[in-house]
>>> print(open('structure.cif').read())   # mmCIF, C-alpha atoms
data_run
#
loop_
_atom_site.label_atom_id
_atom_site.label_comp_id
_atom_site.auth_asym_id
_atom_site.auth_seq_id
_atom_site.Cartn_x
_atom_site.Cartn_y
_atom_site.Cartn_z
CA MET A 30 -8.53 1.82 29.81
CA ILE A 31 -9.38 3.16 26.37
CA ASN A 32 -6.73 5.85 26.75
CA THR A 33 -4.03 3.31 27.63
CA LEU A 34 -4.92 1.17 24.64
CA THR A 35 -4.88 4.18 22.31
CA ILE A 36 -1.54 5.42 23.61
CA THR A 37 0.03 1.97 23.27
CA LEU A 38 -1.20 1.50 19.70
CA MET A 39 -0.16 4.98 18.61
CA ILE A 40 3.31 4.75 20.10
CA ALA A 41 3.82 1.42 18.36
CA GLY A 42 2.64 3.01 15.12
CA LEU A 43 5.00 5.95 15.56
CA PHE A 44 7.89 3.56 16.16
CA PHE A 45 7.18 1.72 12.92
CA PHE A 46 6.83 5.04 11.05
CA PHE A 47 10.24 5.96 12.43
CA ALA A 48 11.70 2.65 11.25
CA THR A 49 10.13 3.16 7.82
CA THR A 50 11.63 6.62 7.47
CA VAL A 51 15.06 5.50 8.63
CA GLY A 52 14.85 2.61 6.22
CA VAL A 53 13.95 4.90 3.34
CA LEU A 54 16.96 7.06 4.17
CA ARG A 55 19.46 4.25 4.81
CA PHE A 56 18.81 1.45 2.32
CA PRO A 57 21.29 1.38 -0.56
CA ASP A 58 19.08 1.44 -3.64
CA PHE A 59 15.62 2.15 -4.89
CA TYR A 60 14.28 -1.42 -4.74
CA THR A 61 15.31 -2.00 -1.14
CA ARG A 62 13.92 1.39 -0.13
CA MET A 63 10.58 0.31 -1.56
CA HIS A 64 10.66 -2.64 0.85
CA ALA A 65 10.74 -0.23 3.78
CA ALA A 66 8.21 2.18 2.27
CA GLY A 67 5.66 -0.39 1.19
CA LYS A 68 5.55 -2.54 4.31
CA GLY A 69 6.18 -0.14 7.16
CA ASP A 70 3.60 2.38 6.04
CA THR A 71 0.79 -0.16 5.91
CA LEU A 72 1.28 -1.50 9.42
CA SER A 73 1.97 1.83 11.09
CA SER A 74 -1.08 3.53 9.59
CA LEU A 75 -3.08 0.49 10.66
CA LEU A 76 -1.90 0.82 14.25
CA ILE A 77 -2.43 4.58 14.53
CA LEU A 78 -5.82 4.55 12.81
CA VAL A 79 -7.10 1.67 14.94
CA GLY A 80 -5.93 3.57 18.01
CA LEU A 81 -7.82 6.69 16.91
CA ALA A 82 -10.93 4.67 16.01
CA ILE A 83 -10.96 3.14 19.49
CA TYR A 84 -10.40 6.54 21.13
CA ASN A 85 -13.28 7.90 19.09
CA LEU A 86 -15.66 5.42 20.78
CA HIS A 87 -15.13 6.70 24.32
CA HIS A 88 -18.64 8.04 24.40
CA ILE A 89 -20.91 6.10 22.13
CA SER A 90 -23.41 7.77 19.82
CA ALA A 91 -24.66 7.13 16.29
CA GLY A 92 -22.40 9.82 14.84
CA ASN A 93 -19.32 8.46 16.57
CA ILE A 94 -19.99 4.95 15.35
CA LEU A 95 -20.36 6.28 11.80
CA VAL A 96 -17.03 8.11 12.12
CA THR A 97 -15.38 4.94 13.41
CA ILE A 98 -16.72 3.01 10.42
CA LYS A 99 -15.33 5.70 8.13
CA ILE A 100 -11.91 5.51 9.77
CA LEU A 101 -11.94 1.74 9.29
CA PHE A 102 -12.93 2.35 5.67
CA ILE A 103 -9.88 4.59 5.17
CA LEU A 104 -7.85 1.80 6.72
CA MET A 105 -9.22 -0.73 4.25
CA PHE A 106 -8.48 1.63 1.40
CA ILE A 107 -4.87 2.12 2.53
CA PHE A 108 -4.61 -1.64 2.83
CA LEU A 109 -5.62 -2.14 -0.79
CA ALA A 110 -3.89 0.93 -2.20
CA SER A 111 -0.51 0.78 -0.50
CA PRO A 112 0.73 -2.50 -2.05
CA THR A 113 -0.70 -1.45 -5.41
CA ALA A 114 1.04 1.94 -5.31
CA THR A 115 4.26 0.25 -4.24
CA HIS A 116 3.92 -2.13 -7.14
CA ALA A 117 3.25 0.72 -9.60
CA ILE A 118 6.31 2.69 -8.47
CA ILE A 119 8.64 -0.30 -8.49
CA ASP A 120 7.34 -1.35 -11.89
CA ALA A 121 8.09 2.12 -13.26
CA GLY A 122 11.64 1.82 -11.92
CA TYR A 123 12.07 -1.65 -13.40
CA GLU A 124 10.65 -0.54 -16.73
CA SER A 125 13.10 2.35 -17.00
CA GLY A 126 15.96 -0.03 -16.34
CA ILE A 127 17.34 0.80 -12.91
CA LYS A 128 19.72 -1.98 -11.92
CA PRO A 129 19.30 -3.35 -8.41
CA TRP A 130 22.10 -2.93 -5.90
CA GLY A 131 23.57 -6.30 -5.04
CA LYS A 132 26.54 -8.39 -4.14
CA GLU A 133 28.64 -9.63 -7.05
CA SER A 134 27.62 -13.25 -6.51
CA ASN A 135 24.01 -12.31 -7.15
CA ARG A 136 24.72 -10.47 -10.37
CA GLU A 137 24.23 -13.31 -12.84
CA GLY A 138 20.90 -13.48 -14.54
CA GLN A 139 20.21 -9.81 -14.02
CA ASP A 140 21.73 -8.52 -17.23
CA ASP A 141 18.56 -9.14 -19.21
CA LEU A 142 16.76 -6.31 -17.50
CA ALA A 143 14.42 -4.24 -19.61
CA ASP A 144 16.34 -1.53 -21.41
CA MET B 13 -27.88 -8.06 -12.96
CA ARG B 14 -24.55 -6.39 -12.50
CA TYR B 15 -26.28 -3.02 -12.77
CA LEU B 16 -28.21 -3.95 -9.67
CA TYR B 17 -25.08 -5.09 -7.79
CA THR B 18 -23.19 -1.92 -8.70
CA PHE B 19 -26.18 0.21 -7.73
CA LEU B 20 -26.54 -1.47 -4.33
CA LEU B 21 -22.82 -1.15 -3.63
CA MET B 22 -22.72 2.51 -4.64
CA PHE B 23 -25.85 3.34 -2.64
CA GLY B 24 -24.52 1.63 0.45
CA PHE B 25 -21.31 3.59 0.05
CA TRP B 26 -23.32 6.82 -0.28
CA LEU B 27 -25.22 6.06 2.94
CA LEU B 28 -21.95 5.35 4.73
CA LEU B 29 -20.33 8.57 3.58
CA SER B 30 -23.23 10.99 3.93
CA GLY B 31 -24.75 9.78 7.21
CA LYS B 32 -27.93 11.79 6.56
CA PHE B 33 -31.19 9.93 6.08
CA ASP B 34 -33.71 12.62 5.10
CA LEU B 35 -35.62 12.55 1.81
CA PHE B 36 -33.50 15.14 -0.01
CA HIS B 37 -30.16 13.41 0.58
CA LEU B 38 -31.60 9.97 -0.15
CA THR B 39 -32.98 11.18 -3.50
CA LEU B 40 -29.64 12.69 -4.42
CA GLY B 41 -27.99 9.41 -3.47
CA VAL B 42 -30.33 7.35 -5.63
CA ILE B 43 -29.79 9.66 -8.63
CA SER B 44 -26.01 9.66 -8.42
CA SER B 45 -25.80 5.91 -7.75
CA LEU B 46 -27.99 5.30 -10.80
CA LEU B 47 -25.73 7.52 -12.90
CA VAL B 48 -22.57 5.77 -11.71
CA SER B 49 -23.98 2.27 -12.18
CA TRP B 50 -25.19 3.19 -15.66
CA MET B 51 -21.83 4.57 -16.72
CA SER B 52 -19.40 2.14 -15.12
CA SER B 53 -21.16 -1.13 -14.48
CA ASP B 54 -18.58 -2.93 -16.62
CA LEU B 55 -15.73 -2.00 -14.28
CA LEU B 56 -16.78 -4.08 -11.28
CA PHE B 57 -18.22 -7.60 -11.49
CA ILE B 58 -16.73 -8.37 -14.89
CA ASP B 59 -17.52 -12.07 -15.17
CA SER B 60 -20.78 -12.52 -13.35
CA SER B 61 -21.19 -15.96 -14.90
CA LYS B 62 -19.11 -17.81 -12.32
CA LYS B 63 -20.98 -19.22 -9.35
CA GLY B 64 -19.94 -18.94 -5.75
CA ARG B 65 -18.69 -15.36 -5.58
CA LEU B 66 -20.09 -14.89 -2.09
CA ILE B 67 -18.22 -17.91 -0.77
CA GLU B 68 -15.00 -16.52 -2.27
CA VAL B 69 -15.56 -13.18 -0.56
CA TRP B 70 -16.20 -14.95 2.74
CA ARG B 71 -13.01 -17.01 2.43
CA LEU B 72 -11.12 -13.85 1.51
CA ILE B 73 -12.32 -12.31 4.78
CA LEU B 74 -11.06 -15.40 6.62
CA TYR B 75 -7.71 -14.88 4.89
CA ILE B 76 -7.26 -11.44 6.51
CA PRO B 77 -6.02 -12.57 9.99
CA TRP B 78 -3.26 -14.67 8.44
CA ILE B 79 -2.13 -11.78 6.22
CA LEU B 80 -2.17 -9.44 9.24
CA LYS B 81 0.23 -11.76 11.03
CA GLU B 82 2.45 -11.79 7.93
CA ILE B 83 2.41 -7.98 7.76
CA LEU B 84 3.47 -7.77 11.40
CA LEU B 85 6.35 -10.19 10.76
CA SER B 86 7.47 -8.38 7.61
CA THR B 87 7.43 -4.97 9.29
CA LEU B 88 9.45 -6.33 12.19
CA HIS B 89 11.90 -7.80 9.66
CA VAL B 90 12.24 -4.52 7.77
CA THR B 91 12.53 -2.58 11.06
CA TRP B 92 15.30 -4.87 12.25
CA LEU B 93 17.13 -4.39 8.95
CA ALA B 94 16.64 -0.62 8.85
CA LEU B 95 17.95 -0.06 12.37
CA HIS B 96 20.79 -2.59 12.07
CA PRO B 97 24.18 -0.82 12.05
CA ALA B 98 25.74 -3.19 9.51
CA MET B 99 22.68 -3.50 7.32
CA LYS B 100 24.49 -3.82 4.00
CA GLU B 101 26.12 -7.09 5.06
CA LYS B 102 22.76 -8.51 6.09
CA ILE B 103 21.02 -8.15 2.74
CA ALA B 104 21.73 -9.71 -0.62
CA PRO B 105 19.00 -8.41 -2.92
CA ARG B 106 18.15 -10.28 -6.07
CA ILE B 107 15.40 -10.53 -8.64
CA VAL B 108 13.74 -13.89 -9.16
CA ASN B 109 11.13 -15.12 -11.61
CA PHE B 110 8.65 -17.89 -11.00
CA LYS B 111 5.58 -19.29 -12.66
CA THR B 112 2.27 -19.40 -10.90
CA ARG B 113 -0.51 -21.86 -11.50
CA LEU B 114 -3.28 -19.44 -10.49
CA GLN B 115 -5.56 -18.73 -13.41
CA SER B 116 -7.98 -15.92 -12.61
CA ASP B 117 -7.00 -12.27 -12.44
CA ALA B 118 -8.41 -11.80 -8.95
CA ALA B 119 -6.30 -14.65 -7.60
CA ARG B 120 -3.17 -13.26 -9.25
CA VAL B 121 -3.75 -9.78 -7.86
CA THR B 122 -4.30 -11.23 -4.40
CA LEU B 123 -1.08 -13.23 -4.71
CA ALA B 124 0.85 -10.16 -5.89
CA ASN B 125 -0.36 -8.00 -3.00
CA SER B 126 0.28 -10.81 -0.54
CA ILE B 127 3.84 -11.23 -1.81
CA THR B 128 4.39 -7.51 -1.34
CA LEU B 129 3.13 -7.72 2.23
CA THR B 130 5.11 -10.79 3.33
CA PRO B 131 8.65 -10.56 4.73
CA GLY B 132 11.49 -9.69 2.40
CA THR B 133 9.74 -9.90 -0.96
CA ILE B 134 8.05 -7.39 -3.23
CA THR B 135 6.28 -7.98 -6.55
CA VAL B 136 7.80 -6.11 -9.46
CA ARG B 137 5.79 -7.31 -12.40
CA ILE B 138 3.28 -9.87 -13.64
CA GLU B 139 3.51 -10.95 -17.25
CA GLY B 140 1.11 -13.73 -18.13
CA ASP B 141 1.73 -16.31 -15.45
CA VAL B 142 5.31 -15.24 -14.72
CA PHE B 143 5.85 -13.22 -11.55
CA THR B 144 8.97 -11.08 -11.18
CA VAL B 145 9.82 -10.65 -7.52
CA HIS B 146 12.53 -8.60 -5.80
CA ALA B 147 13.76 -10.44 -2.71
CA LEU B 148 15.99 -9.12 0.05
CA SER B 149 17.97 -12.32 0.53
CA ASP B 150 18.48 -15.74 -0.99
CA LYS B 151 16.65 -17.41 1.88
CA VAL B 152 13.33 -15.67 1.24
CA ALA B 153 13.84 -15.97 -2.53
CA SER B 154 14.02 -19.76 -2.31
CA GLY B 155 10.82 -19.84 -0.26
CA LEU B 156 8.67 -18.52 -3.11
CA PRO B 157 5.79 -18.92 -3.88
CA GLY B 158 5.39 -20.99 -0.75
CA GLU B 159 2.23 -21.74 1.17
CA MET B 160 0.65 -18.47 0.10
CA GLU B 161 -0.16 -19.76 -3.38
CA GLU B 162 -1.70 -22.85 -1.79
CA ARG B 163 -3.94 -20.72 0.43
CA ILE B 164 -5.01 -18.43 -2.41
CA ALA B 165 -5.76 -21.39 -4.65
CA ARG B 166 -8.00 -22.70 -1.86
CA ILE B 167 -9.79 -19.34 -1.62
CA PHE B 168 -10.56 -19.09 -5.29
CA THR B 169 -11.45 -22.78 -5.63
CA GLU B 170 -8.86 -23.64 -8.23
CA GLU B 171 -8.16 -27.27 -8.94
CA ARG B 172 -4.78 -28.74 -8.06
CA PRO B 173 -2.52 -29.69 -10.98
CA MET C 16 -4.85 13.23 26.20
CA SER C 17 -4.93 16.26 23.92
CA ASN C 18 -1.26 16.93 24.68
CA PHE C 19 -0.42 13.41 23.63
CA PHE C 20 -2.16 13.88 20.28
CA ILE C 21 -0.35 17.16 19.70
CA ALA C 22 2.98 15.49 20.47
CA THR C 23 2.14 12.65 18.08
CA GLY C 24 1.34 15.14 15.35
CA VAL C 25 4.61 17.00 15.86
CA VAL C 26 6.60 13.76 15.75
CA LEU C 27 4.79 12.76 12.55
CA CYS C 28 5.73 16.12 11.01
CA LEU C 29 9.38 15.47 11.94
CA PHE C 30 9.23 12.11 10.15
CA MET C 31 7.70 13.85 7.14
CA LEU C 32 10.66 16.25 7.12
CA LEU C 33 13.03 13.28 7.17
CA ALA C 34 11.17 11.73 4.24
CA LEU C 35 11.32 15.10 2.49
CA TYR C 36 15.10 14.62 2.27
CA ARG C 37 14.51 11.62 0.01
CA THR C 38 11.99 13.61 -2.01
CA ILE C 39 14.30 16.55 -2.64
CA PHE C 40 17.66 14.86 -3.10
CA GLY C 41 16.51 11.96 -5.21
CA PRO C 42 18.74 10.57 -6.63
CA THR C 43 16.18 9.49 -9.25
CA ILE C 44 12.64 10.57 -10.08
CA ILE C 45 11.35 7.24 -8.80
CA ASP C 46 12.90 7.87 -5.38
CA ARG C 47 11.13 11.20 -5.24
CA MET C 48 7.81 9.60 -6.09
CA MET C 49 8.35 7.13 -3.26
CA GLY C 50 9.13 9.96 -0.85
CA ALA C 51 6.01 11.83 -1.91
CA ASN C 52 3.95 8.68 -1.49
CA ILE C 53 5.04 7.99 2.07
CA ILE C 54 4.57 11.68 2.97
CA GLY C 55 1.04 11.34 1.62
CA THR C 56 0.31 8.31 3.79
CA LYS C 57 1.60 10.14 6.85
CA THR C 58 -0.57 13.14 5.93
CA THR C 59 -3.68 10.96 5.85
CA VAL C 60 -2.95 9.81 9.39
CA LEU C 61 -2.03 13.34 10.47
CA LEU C 62 -5.35 14.73 9.21
CA ILE C 63 -7.30 12.37 11.46
CA ILE C 64 -5.06 13.27 14.40
CA ILE C 65 -5.77 16.96 13.75
CA GLY C 66 -9.48 16.18 13.65
CA THR C 67 -9.22 14.42 17.00
CA ILE C 68 -7.41 17.41 18.52
CA TYR C 69 -10.10 19.83 17.38
CA GLY C 70 -12.94 17.43 18.22
CA ARG C 71 -14.19 17.48 14.62
CA VAL C 72 -13.27 13.99 13.41
CA ASP C 73 -16.54 13.77 11.48
CA MET C 74 -15.36 16.55 9.18
CA PHE C 75 -11.69 15.63 8.90
CA VAL C 76 -12.36 11.97 8.17
CA ASP C 77 -13.89 12.90 4.82
CA ILE C 78 -10.91 15.08 3.96
CA ALA C 79 -8.58 12.26 4.93
CA LEU C 80 -10.48 9.80 2.75
CA ALA C 81 -10.32 12.13 -0.25
CA TYR C 82 -6.62 12.73 0.43
CA ALA C 83 -5.87 9.01 0.57
CA MET C 84 -7.62 8.43 -2.77
CA LEU C 85 -5.88 11.44 -4.35
CA ASN C 86 -2.51 10.21 -3.10
CA PHE C 87 -3.11 6.80 -4.64
CA ILE C 88 -4.24 8.20 -7.98
CA VAL C 89 -1.30 10.63 -8.15
CA THR C 90 1.14 7.81 -7.46
CA ILE C 91 -0.38 5.61 -10.15
CA ALA C 92 -0.48 8.43 -12.71
CA ALA C 93 3.08 9.58 -12.04
CA SER C 94 4.47 6.06 -12.22
CA ARG C 95 2.61 5.40 -15.48
CA TYR C 96 4.00 8.66 -16.85
CA PHE C 97 7.61 8.00 -15.89
CA ALA C 98 7.59 4.27 -16.69
CA HIS C 99 8.91 4.75 -20.20
CA HIS C 100 11.56 7.37 -19.55
CA LYS C 101 14.56 5.27 -20.40
CA ASN C 102 17.07 7.72 -19.03
CA ILE C 103 16.06 7.61 -15.38
CA ARG C 104 19.27 6.03 -14.18
CA ALA C 105 21.06 6.07 -10.86
CA GLU C 106 22.98 9.17 -11.87
CA GLY C 107 21.37 10.89 -14.79
CA TYR C 108 17.96 12.31 -15.40
CA GLY C 109 16.44 13.53 -12.19
CA VAL C 110 19.56 14.58 -10.29
CA LEU C 111 19.46 18.17 -9.06
CA HIS C 112 22.38 19.31 -11.17
CA TYR C 113 21.87 17.35 -14.33
CA THR C 114 24.90 16.79 -16.48
CA PRO C 115 24.26 14.68 -19.57
CA THR C 116 26.52 11.64 -19.78
CA LYS C 117 26.73 8.92 -22.37
CA GLU C 118 27.03 6.03 -19.89
CA ALA C 119 24.64 6.92 -17.14
CA ASP C 120 24.54 3.32 -15.95
CA LYS C 121 27.78 1.50 -15.44
#
>>> encode(input="structure.cif", output="structure tokens")
Amino acid sequence: MINTLTITLMIAGLFFFFATTVGVLRFPDFYTRMHAAGKGDTLSSLLILVGLAIYNLHHISAGNILVTIKILFILMFIFLASPTATHAIIDAGYESGIKPWGKESNREGQDDLAD
Amino acid sequence: MRYLYTFLLMFGFWLLLSGKFDLFHLTLGVISSLLVSWMSSDLLFIDSSKKGRLIEVWRLILYIPWILKEILLSTLHVTWLALHPAMKEKIAPRIVNFKTRLQSDAARVTLANSITLTPGTITVRIEGDVFTVHALSDKVASGLPGEMEERIARIFTEERP
Amino acid sequence: MSNFFIATGVVLCLFMLLALYRTIFGPTIIDRMMGANIIGTKTTVLLIIIGTIYGRVDMFVDIALAYAMLNFIVTIAASRYFAHHKNIRAEGYGVLHYTPTKEADK
């Protein structure tokens, strides 16, 4: 039962990691790549870490419960840090004046980028 | 007062990380928590004057299930785009600006992180009350700031305009 | 079950190699930082998987926590450092074979 749950969660997490990596390789410019990197990483680490935390509880003792709490703590940290790191990177790109890739109809209003 | 809060938080964190409860480790924990709370008590709990912090934290915890659902949707959206063969026709990225009516820093940070985690949008910059957001298509760009701002305003008990 | 964890770890390493392409071939410094960041997130997960394989999660979970914090701090510091380099453009500063051009951005 616990094994099935863990395997399901981890395979789902691996699939989203795969999608994230493909997105990072395929998207046309830096801003759109950040979309893939910032969102996919958060959910896939959540799935895999929850799977491992559940697997860790298959025989219950005080030490195992402490380890599970620590894994959940790492999860919470990733949850707070991943959007912030994404924001820091994309802000550095915006500050140094990288123009976003876009269709011509969306170009107006973007010429006042920081430069 | 905030020394005490910082000390309790740091000591709880020490207990969580060490997992040993004998006298030696507890003494070390008390000493280092005291040092940290003495040096950096002005980093956390900046404005301790405002009432009702605990209620805000509780409502922030209640906010988590909704944001989890949004993260799932946004990852599915980005997955669908990344694996789509003709992805470049599907997206029309643009940068939009909008003004927020949230006042406190905590509310703005929560809004910025929530925007990053919801489908198709990512926060680029906050200057004053102007958010700069990179959106993957016009549809999601027109939906900003949406119901998220409403929810966050309810969490941080900010009055409606 | 152990075989499954080993397979997961190997697949994660393959994804890290794919992300390494973005880290090496840019095209800009910012792209490389992003590649390094997502490799770091995968490493945090991989460390806990390694701990589960060896049956020593209690030790590896601390390493993973320190690694996650280090990854975050490195990302913040690097992005602060490169935020004011005005010549990080799509083809310019940060390409493997750098050739100085007057109009790096068209």
>>> axis_aligned_box(input="structure.cif", around="region 21-34 of chain C", padding_each_side="6 Å", output="lines of an AutoDock Vina configuration file")
center_x = 6.3
center_y = 14.4
center_z = 12.4
size_x = 25.4
size_y = 17.4
size_z = 28.2
>>> atom_distance(input="structure.cif", atom1="CA of Val42 (chain B)", atom2="CA of Asp73 (chain C)")
22.9 Å
>>> closest_residue(input="structure.cif", among="A:Ala114, A:Tyr84, A:Val79, A:Phe44", to="Ser17 (chain C)", atoms="all atoms listed in the file")
A:Tyr84
>>> residues_around(input="structure.cif", residues="Ile103 (chain A)", least_positions_apart="4", cutoff="8 Å", atoms="only C-alpha atoms", output="number ranges by chain")
A: 99, 107; C: 79-80, 83
>>> resolve_selection(input="structure.cif", expression="the PyMOL selection byres ((chain B) within 12 of (chain C))", output="VMD selection string")
chain B and resid 28 to 31
>>> atom_distance(input="structure.cif", atom1="CA of Ser73 (chain A)", atom2="CA of Val53 (chain A)")
14.6 Å
>>> resolve_selection(input="structure.cif", expression="the PyMOL selection byres ((chain B) within 7 of (chain A))", output="PyMOL selection string")
chain B and resi 83-84+86-87+90-91+94-95+104-106+125+128-129+134-137
>>> residues_around(input="structure.cif", residues="region 64-68 of chain C", least_positions_apart="3", cutoff="8 Å", atoms="all atoms listed in the file", output="PyMOL selection string")
(chain A and resi 81+85) or (chain C and resi 17+20-21+24+60-61+71-76)
>>> residues_around(input="structure.cif", residues="Thr97 (chain A)", least_positions_apart="2", cutoff="8 Å", atoms="all atoms listed in the file", output="list of chain:residue names")
A:Ala82, A:Ile83, A:Asn85, A:Leu86, A:Asn93, A:Ile94, A:Leu95, A:Lys99, A:Ile100, A:Leu101
>>> residues_around(input="structure.cif", residues="Leu76 (chain A)", least_positions_apart="2", cutoff="8 Å", atoms="all atoms listed in the file", output="PyMOL selection string")
chain A and resi 38-39+41-42+72-74+78-80
>>> closest_residue(input="structure.cif", among="C:Arg95, C:Ile88, C:Tyr69, C:Ile54", to="Leu27 (chain C)", atoms="only C-alpha atoms")
C:Ile54
>>> resolve_selection(input="structure.cif", expression="the PyMOL selection byres ((chain B and resi 145) around 7)", output="list of chain:residue names")
B:Ile107, B:Val108, B:Asn109, B:Thr133, B:Ile134, B:Thr135, B:Val136, B:Phe143, B:Thr144, B:His146, B:Ala147
>>> atom_distance(input="structure.cif", atom1="CA of Gly55 (chain C)", atom2="CA of Ile76 (chain B)")
24.7 Å
>>> residues_near_point(input="structure.cif", point="(-32.3, 4.6, -9.0)", cutoff="12 Å", atoms="all atoms listed in the file", output="PyMOL selection string")
chain B and resi 15-16+18-20+22-23+38-50
>>> closest_residue(input="structure.cif", among="C:Leu35, C:Ile63, C:Ala98, C:Val89", to="chain A", atoms="only C-alpha atoms")
C:Ala98
